[in-house]
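The structure appears below as structure tokens.
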Amino acid sequence: MRLFTGIQPSGDLHIGNYFGSIEPMVAAQNEHDVFAFIANYHAMTTVSDGARLAELTMQAATDFLSLGIDPQRSTFWVQSDVKEVLELYWVLSGFTPMGLLERAHSYKDKTAKGIAANHSLFSYPVLMAADILLFGSEVVPVGKDQIQHVEIARDIAIRFNNEYGDIFVLPEYRVDDNVKTVPGTDGQKMSKSYGNTINIFGERKAQEKTVKKIVTEVVAMEAPKEWATCNVYNIARLFLDEAGQAALQQRYVQGGEGHGHFKLYLNELIWDFYTPYRERRDYYSAHQDEVREILAMGAAKAREAAMPIIEKVRLVSGIAY
Ligand code: ADP
Ligand code: TRP
């Protein structure tokens, strides 16, 4: 089955991104035909500094390759390297009623926050529909915030198919309930917008400082401690197998150690876990040409998958004459 996903290049990745989205995507490569791309056109709706966008795009490519996206098994590319998506975006615009876009939550939320509304923000779901439909994606794994976008894509596909026959596969969203929500240093959901993140590829000192900031209860050193509600434990468990979790629980229950000790332990856990990935990232950072070659290969694979569909679209819609 083809699993399709777009990732906005939005800067430093945190461990919430890792366990919530990157690890499941990497694991899916064993069973599925993973199509993953860096949504740089979408990022233009929020990043208006060209040099910054180019930098973010290369950073995202470098990070995802380092964290296990396998460009041999999967198809991994940058959205703007397959321009057919913009062609389809225009074609689909003609099948997108204004009301459908006016009802989109993400547009309503962003304008409510005072972000100046421009056309790219408004038509964002049409571009996303083009991404999904161009590759004949059956299943689109998403977070809850993206469900409506997949529904809009499906709606547009139905309208097009009604006019021209069965051209598009009707996509379905899938929300994976098993994906854990990673808590941040303050116990809320870890998110860039809350400033409570622990970065995957931070400097050692910076990571140590962040881990020290994790909010914990105040209890005497000798006293037994609660592990189930402890933010340090709830982050640490992500990096531990069952035996490791049991051993850490034991340290909480028996008393004699303070939260400072558990933080030191967590800091080591995170650092050690990402060490092999960091080494790979150091390599790719020093070999950006290699990253560019991988992306070019990915774009060629992606275009090959897109051609049969865009050719049909050109034919039925009369663009091919
Ligand atoms: P942020 O909230 O930091 O801006 P994004 O919205 O860019 O993160 O998220 C990118 C991906 O990472 C999404 O698939 C999202 O579901 C996942 N993700 C982000 N934060 C978490 C978290 N705390 N727990 C689980 N998954 C997360
Ligand atoms: N809008 C998605 C997000 O912000 C990114 C995205 C763009 C996407 N195109 C896509 C996701 C197609 C899935 C399929 O996370």
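Ligands are numbered from 1 in the order shown, chains are lettered A, B, ... in the order of the structure tokens, and residues start at 1 in each chain.
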Contact check, chain A to ligand 1, at most 8 Å, counting only C-alpha atoms and all ligand atoms, closest pairs as a Markdown table:
```
| residue | atom | partner | partner_atom_place_in_ligand_line | distance |
| --- | --- | --- | --- | --- |
| A:Ile7 | CA | ligand 1 | 10 (C) | 7.1 |
| A:Gln8 | CA | ligand 1 | 7 (O) | 6.9 |
| A:Ser10 | CA | ligand 1 | 7 (O) | 6.5 |
| A:Leu13 | CA | ligand 1 | 3 (O) | 7.7 |
| A:His14 | CA | ligand 1 | 3 (O) | 7.1 |
| A:Ile15 | CA | ligand 1 | 22 (C) | 7.5 |
| A:Gly16 | CA | ligand 1 | 22 (C) | 3.7 |
| A:Asn17 | CA | ligand 1 | 12 (O) | 3.6 |
| A:Tyr18 | CA | ligand 1 | 12 (O) | 6.9 |
| A:Phe19 | CA | ligand 1 | 25 (C) | 6.0 |
| A:Gly20 | CA | ligand 1 | 26 (N) | 3.2 |
| A:Ser21 | CA | ligand 1 | 14 (O) | 4.7 |
| A:Ile22 | CA | ligand 1 | 12 (O) | 7.4 |
| A:Val142 | CA | ligand 1 | 14 (O) | 6.5 |
| A:Gly143 | CA | ligand 1 | 16 (O) | 4.8 |
| A:Lys144 | CA | ligand 1 | 16 (O) | 7.8 |
| A:Val179 | CA | ligand 1 | 25 (C) | 6.8 |
| A:Lys180 | CA | ligand 1 | 25 (C) | 5.6 |
| A:Thr181 | CA | ligand 1 | 24 (N) | 3.5 |
| A:Val182 | CA | ligand 1 | 24 (N) | 3.8 |
| A:Pro183 | CA | ligand 1 | 23 (N) | 5.6 |
| A:Gly184 | CA | ligand 1 | 23 (N) | 6.7 |
| A:Lys189 | CA | ligand 1 | 23 (N) | 4.5 |
| A:Met190 | CA | ligand 1 | 23 (N) | 3.7 |
| A:Ser191 | CA | ligand 1 | 3 (O) | 3.5 |
| A:Lys192 | CA | ligand 1 | 3 (O) | 3.7 |
| A:Ser193 | CA | ligand 1 | 4 (O) | 5.9 |
| A:Tyr194 | CA | ligand 1 | 3 (O) | 8.0 |
| A:Thr197 | CA | ligand 1 | 3 (O) | 7.5 |
```
Please dump the current selection as a PDB file, in the first residue's frame; keep C-alpha atoms.
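The resulting again-v6.pdb:
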```
ATOM      1  CA  ILE A   7       6.416  17.428   5.846  1.00  0.00           C
ATOM      2  CA  GLN A   8       6.723  21.171   6.186  1.00  0.00           C
ATOM      3  CA  SER A  10       9.957  24.186   9.753  1.00  0.00           C
ATOM      4  CA  LEU A  13      13.071  18.916  14.962  1.00  0.00           C
ATOM      5  CA  HIS A  14      12.131  17.895  18.495  1.00  0.00           C
ATOM      6  CA  ILE A  15      11.537  14.538  20.099  1.00  0.00           C
ATOM      7  CA  GLY A  16       7.756  15.044  19.776  1.00  0.00           C
ATOM      8  CA  ASN A  17       8.220  15.158  15.999  1.00  0.00           C
ATOM      9  CA  TYR A  18      10.410  12.077  16.248  1.00  0.00           C
ATOM     10  CA  PHE A  19       8.053   9.765  18.134  1.00  0.00           C
ATOM     11  CA  GLY A  20       4.878  11.276  16.700  1.00  0.00           C
ATOM     12  CA  SER A  21       5.807  11.314  13.062  1.00  0.00           C
ATOM     13  CA  ILE A  22       9.351  10.413  12.007  1.00  0.00           C
ATOM     14  CA  VAL A 142      -2.215  12.609   9.264  1.00  0.00           C
ATOM     15  CA  GLY A 143      -2.518  14.331  12.597  1.00  0.00           C
ATOM     16  CA  LYS A 144      -6.019  15.469  13.589  1.00  0.00           C
ATOM     17  CA  VAL A 179       0.995   7.367  18.106  1.00  0.00           C
ATOM     18  CA  LYS A 180       1.838   8.784  21.471  1.00  0.00           C
ATOM     19  CA  THR A 181       1.649  12.456  22.298  1.00  0.00           C
ATOM     20  CA  VAL A 182       5.022  13.396  23.677  1.00  0.00           C
ATOM     21  CA  PRO A 183       4.914  15.767  26.655  1.00  0.00           C
ATOM     22  CA  GLY A 184       7.148  18.822  26.694  1.00  0.00           C
ATOM     23  CA  LYS A 189       2.092  18.589  24.480  1.00  0.00           C
ATOM     24  CA  MET A 190       5.628  19.220  23.205  1.00  0.00           C
ATOM     25  CA  SER A 191       5.388  21.886  20.520  1.00  0.00           C
ATOM     26  CA  LYS A 192       7.510  24.643  19.034  1.00  0.00           C
ATOM     27  CA  SER A 193       4.678  27.062  19.684  1.00  0.00           C
ATOM     28  CA  TYR A 194       4.775  26.355  23.447  1.00  0.00           C
ATOM     29  CA  THR A 197      10.714  21.306  23.226  1.00  0.00           C
TER      30      THR A 197
END
```
- Task: Taking the DSSP assignment computed from this structure's backbone, write out as number ranges by chain all residues of segment 22-233 of chain A that belong to alpha helix (DSSP H).
- Result: A: 23-28, 40-43, 50-66, 84-93, 98-102, 105-112, 119-134, 147-164, 204-212, 231-233
Kindly provide the residues of chain A that approach ligand 2 to within 7 Å, each paired with its closest atom pair and their distance in Å to one decimal, based on only C-alpha atoms and all ligand atoms, listed by chain and increasing number, as a Markdown table.
```
| residue | atom | partner | partner_atom_place_in_ligand_line | distance |
| --- | --- | --- | --- | --- |
| A:Phe4 | CA | ligand 2 | 14 (C) | 6.1 |
| A:Thr5 | CA | ligand 2 | 13 (C) | 4.2 |
| A:Gly6 | CA | ligand 2 | 8 (C) | 3.7 |
| A:Ile7 | CA | ligand 2 | 5 (C) | 5.0 |
| A:Gln8 | CA | ligand 2 | 5 (C) | 5.5 |
| A:Ala39 | CA | ligand 2 | 7 (C) | 5.3 |
| A:His42 | CA | ligand 2 | 7 (C) | 6.2 |
| A:Met128 | CA | ligand 2 | 9 (N) | 4.3 |
| A:Asp131 | CA | ligand 2 | 12 (C) | 5.4 |
| A:Ile132 | CA | ligand 2 | 12 (C) | 5.4 |
| A:Val140 | CA | ligand 2 | 13 (C) | 6.1 |
| A:Val142 | CA | ligand 2 | 13 (C) | 6.5 |
| A:Gln146 | CA | ligand 2 | 1 (N) | 6.4 |
```
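Using only C-alpha atoms for every distance, the candidate list A:Asp272, A:Glu257, A:Glu217, A:Glu102 yields A:Asp272 as the residue closest to Phe201 of chain A.
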- Message: Considering only C-alpha atoms, can you say which of A:Ile200, A:Ala36, A:Cys230, A:Met297 comes closest to Gln79 of chain A?
- Response: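 Among the listed residues, the smallest separation from Gln79 of chain A belongs to A:Ala36.
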- Can you list, as a ChimeraX atom specification, every protein, DNA or RNA residue that comes within 10 Å of Phe262 of chain A when you count only C-alpha atoms, leaving out same-chain residues fewer than 3 positions away? /A:211-212,232-233,236,248,251-252,257-259,265-268
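From atom CA of Leu65 of chain A back to atom CA of Tyr277 of chain A, the distance works out to 9.2 Å.
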Shell of 9 Å around segment 289-295 of chain A, only C-alpha atoms, local chain residues under 6 positions omitted, as a PDB file with N, CA and C atoms, in the first residue's frame:
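The resulting file, part.pdb, is reproduced below:
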```pdb
ATOM      1  N   MET A  58      16.953  22.308   2.896  1.00  0.00           N
ATOM      2  CA  MET A  58      18.126  21.431   2.965  1.00  0.00           C
ATOM      3  C   MET A  58      18.271  20.837   4.367  1.00  0.00           C
ATOM      4  N   ALA A  61      15.824  17.969   4.622  1.00  0.00           N
ATOM      5  CA  ALA A  61      16.298  16.810   3.852  1.00  0.00           C
ATOM      6  C   ALA A  61      17.415  16.096   4.613  1.00  0.00           C
ATOM      7  N   THR A  62      18.344  16.868   5.129  1.00  0.00           N
ATOM      8  CA  THR A  62      19.479  16.297   5.858  1.00  0.00           C
ATOM      9  C   THR A  62      18.992  15.564   7.111  1.00  0.00           C
ATOM     10  N   LEU A  65      16.954  12.253   6.228  1.00  0.00           N
ATOM     11  CA  LEU A  65      17.844  11.184   5.770  1.00  0.00           C
ATOM     12  C   LEU A  65      18.627  10.624   6.959  1.00  0.00           C
ATOM     13  N   PRO A  71      16.195   6.413   0.988  1.00  0.00           N
ATOM     14  CA  PRO A  71      15.819   6.853  -0.364  1.00  0.00           C
ATOM     15  C   PRO A  71      15.825   5.719  -1.394  1.00  0.00           C
ATOM     16  N   PHE A  76      11.528   9.865  -1.787  1.00  0.00           N
ATOM     17  CA  PHE A  76      11.727  11.030  -0.917  1.00  0.00           C
ATOM     18  C   PHE A  76      12.200  12.199  -1.771  1.00  0.00           C
ATOM     19  N   TRP A  77      11.401  13.253  -1.813  1.00  0.00           N
ATOM     20  CA  TRP A  77      11.741  14.354  -2.710  1.00  0.00           C
ATOM     21  C   TRP A  77      11.288  15.697  -2.151  1.00  0.00           C
ATOM     22  N   VAL A  78      11.668  16.753  -2.842  1.00  0.00           N
ATOM     23  CA  VAL A  78      11.223  18.098  -2.480  1.00  0.00           C
ATOM     24  C   VAL A  78      10.071  18.457  -3.417  1.00  0.00           C
ATOM     25  N   ASP A  81      10.406  20.099  -6.792  1.00  0.00           N
ATOM     26  CA  ASP A  81      11.145  19.420  -7.860  1.00  0.00           C
ATOM     27  C   ASP A  81      10.222  18.647  -8.803  1.00  0.00           C
TER      28      ASP A  81
END
```
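Counting only C-alpha atoms, the residue from A:Gly298, A:Pro97, A:Gly255, A:Pro9 that sits nearest to Leu53 of chain A is A:Pro9.
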- For atom CA of Gln207 of chain A and atom CA of Ala223 of chain A, the interatomic separation in Å (one decimal):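 Rounded to one decimal, the two atoms are 27.6 Å apart.
Take atom CA of Val253 of chain A and atom CA of Gln188 of chain A: the distance between them is 24.2 Å.
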